[in-house]
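What follows is a single structure, written as structure tokens, with notes after it.
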Amino acid sequence: MAGSLLKTSPMYLRTKFLHQTGLSLYNTSHGFHEDEMKKKLKQFPGGSIDLQKEDNGIGILTVNNPSKRNAFSGVMILQLLEKVIELENWTEGKGLIVHGAKNNFSSGSDLHAVKALGTPEARMALCMFMQNTLTRFMRLPLISVALIQGWALGGGAEFVTACDFRLMTRESEIRFVHKEMGIIPTWGGATRLAKIIGSRQALKVLSGALKLDSEQALNLGMVEEVLHSSHETECLQEAKEWLSQFIQGPTEVIRALKKCVSASRELCLEEALQAERDLLGTVWGGPANLEAIARKGKFCK
């Protein structure tokens with residue numbers, strides 16, 4: 001009991017944000033057994049989660065299962081966690097673009113795998129597994145962008161809420177279809193959606209199972225921009241150019257800024273301010289800071 005309380009204390013959380021060593025929501029004290037869930041998920045193959053890391057510090061994460069509209073198989077859910085862990089350890093990274101193969105983002109979970117899990121306990125374990133993974137994803141010290149082409153449905157819509165920003169092609173659509181399936185979001189999407197667009201608008205979107213086209217999503221403040229191109233390669237290039245404006249500068253500074261904002265989102269004011277202080281200590285007097293002081297002092301342009 002004491003160990004569980006220690007792992008959720010503000011000091012523990014602040015230290016985790018500072019060092020970014022992987023911070024999950026659920027463990028055995030919550031009745032969650034990750035290894036058992038992994039064994040179950042391995043039984044459902046198909047598709048892949050692909051990661052490309054570019055020299056400019058931008059990663060490209062691809063949800064790749066086009067024959068099923070990029071639905072997540074059990075193996076893909078495991079691979080997503082593996083890629084998140086890989087990104088946690090990518091010290092040269094500054095930004096990340098998430099997209100789906102063949103002009104579709106994702107249609108969420110593969111229903112065959114969900115049905116085969118069978119028991120309510122197994123389905124709840126899947127919920128905890130994905131909430132753990134997407135929370136770790138959200139806390140990555142990388143500025144993340146969801147590039148939404150085609151459909152982002154169900155779990156796919158939930159995934160885009162774990163990104164810092166969202167871009168859509170003109171013909172794409174976001175829809176939380178969970179009500180039509182007799183459930184509510186299972187990957188943490190309702191909580192994150194309310195933080196993005198506010199609780200009133202989130203309730204409308206979720207309870208109405210609304211189909212959000214690019215214009216509606218833009219007006220709600222759910223996406224930053226509607227891209228000019230709908231061509232798979234061209235809109236990915238647009239997304240890279242859009243992201244590049246926010247990751248220019250020293251890697252350690254960009255990563256510290258993202259950690260600072262992540263801490264402000266999850267910690268109380270006092271703890272968030274202390275986390276900001278601690279993060280400042282990692283860059284103040286560092287190479288980028290000293291170079292800027294020597295070069296010109298404060299920037300006034």
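Identifiers for the structure tokens are assigned positionally: chains receive A, B, ... in sequence, residues are indexed from 1 per chain, and ligands are indexed from 1 in the order shown.
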DSSP-assigned strand (DSSP E or B) members of stretch 21-239 of chain A, reported as number ranges by chain: A: 48-53, 58-64, 72, 95-100, 106, 109, 143-148, 151-153, 165-168, 173-175, 211-213, 225-226
Close residues, A:Leu41 itself excluded, 10 Å, only C-alpha atoms, min 6 positions apart in chain, as a PyMOL selection string: chain A and resi 35+73-78+113-114+117+126
Got time to write the residues from that selection, N, CA, C and O atoms, as a short mmCIF file (atom, residue, chain, number, x, y, z; two decimals), in the first residue's frame?
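Output file part12.cif follows:
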```cif
data_model
loop_
_atom_site.label_atom_id
_atom_site.label_comp_id
_atom_site.auth_asym_id
_atom_site.auth_seq_id
_atom_site.Cartn_x
_atom_site.Cartn_y
_atom_site.Cartn_z
N ASP A 35 1.76 -8.43 -18.22
CA ASP A 35 2.29 -9.60 -18.93
C ASP A 35 1.18 -10.55 -19.37
O ASP A 35 1.24 -11.13 -20.46
N SER A 73 -5.06 -4.44 -34.43
CA SER A 73 -5.08 -5.84 -34.00
C SER A 73 -4.40 -5.93 -32.64
O SER A 73 -3.81 -4.96 -32.15
N GLY A 74 -4.43 -7.12 -32.03
CA GLY A 74 -3.76 -7.31 -30.75
C GLY A 74 -2.27 -7.05 -30.86
O GLY A 74 -1.66 -6.39 -30.00
N VAL A 75 -1.66 -7.56 -31.93
CA VAL A 75 -0.22 -7.37 -32.14
C VAL A 75 0.11 -5.89 -32.32
O VAL A 75 1.13 -5.40 -31.83
N MET A 76 -0.75 -5.16 -33.01
CA MET A 76 -0.50 -3.73 -33.21
C MET A 76 -0.57 -2.97 -31.90
O MET A 76 0.19 -2.01 -31.68
N ILE A 77 -1.46 -3.37 -31.00
CA ILE A 77 -1.54 -2.73 -29.69
C ILE A 77 -0.23 -2.95 -28.93
O ILE A 77 0.28 -2.02 -28.29
N LEU A 78 0.31 -4.15 -29.02
CA LEU A 78 1.61 -4.44 -28.40
C LEU A 78 2.72 -3.61 -29.05
O LEU A 78 3.58 -3.06 -28.35
N ALA A 113 -10.77 -9.09 -32.46
CA ALA A 113 -9.92 -9.26 -31.27
C ALA A 113 -10.69 -8.91 -30.00
O ALA A 113 -10.58 -9.60 -28.99
N VAL A 114 -11.47 -7.83 -30.05
CA VAL A 114 -12.23 -7.41 -28.87
C VAL A 114 -13.24 -8.48 -28.47
O VAL A 114 -13.36 -8.84 -27.28
N LEU A 117 -11.69 -11.56 -26.77
CA LEU A 117 -11.20 -11.42 -25.40
C LEU A 117 -12.18 -12.01 -24.40
O LEU A 117 -11.79 -12.42 -23.32
N LEU A 126 -7.77 -4.63 -21.21
CA LEU A 126 -7.40 -3.97 -22.46
C LEU A 126 -7.55 -2.45 -22.32
O LEU A 126 -6.70 -1.69 -22.80
#
```
At most 8 Å is the cut-off: for each residue in stretch 39-143 of chain A with any atom that close to an atom of stretch 248-267 of chain A, write down the nearest atom pair and the distance in Å rounded to one decimal, counting only C-alpha atoms, chain first then increasing number, as a tab-separated table.
```
residue	atom	partner	partner_atom	distance
A:Glu92	CA	A:Thr251	CA	6.7
A:Gly93	CA	A:Thr251	CA	7.2
A:Lys94	CA	A:Thr251	CA	6.0
A:Met138	CA	A:Ser262	CA	8.0
A:Arg139	CA	A:Ser262	CA	6.1
A:Leu140	CA	A:Lys259	CA	7.6
A:Pro141	CA	A:Arg255	CA	4.8
A:Leu142	CA	A:Arg255	CA	6.1
A:Ile143	CA	A:Lys258	CA	6.6
```
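Remark: for A:Leu220, the closest of the candidate residues A:Leu236, A:Leu280, A:Leu80, A:Ala194 is A:Ala194 (distances computed over only C-alpha atoms).
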Surrounding residues of stretch 102-105 of chain A excluding itself and chain neighbours under 3 positions, 12 Å, only C-alpha atoms, as a VMD selection string: chain A and resid 61 to 72 97 to 99 108 146 to 160 166 to 175 229 to 236
DSSP alpha helix (DSSP H) residues within stretch 19-239 of chain A, listed as a count of residues only: 90
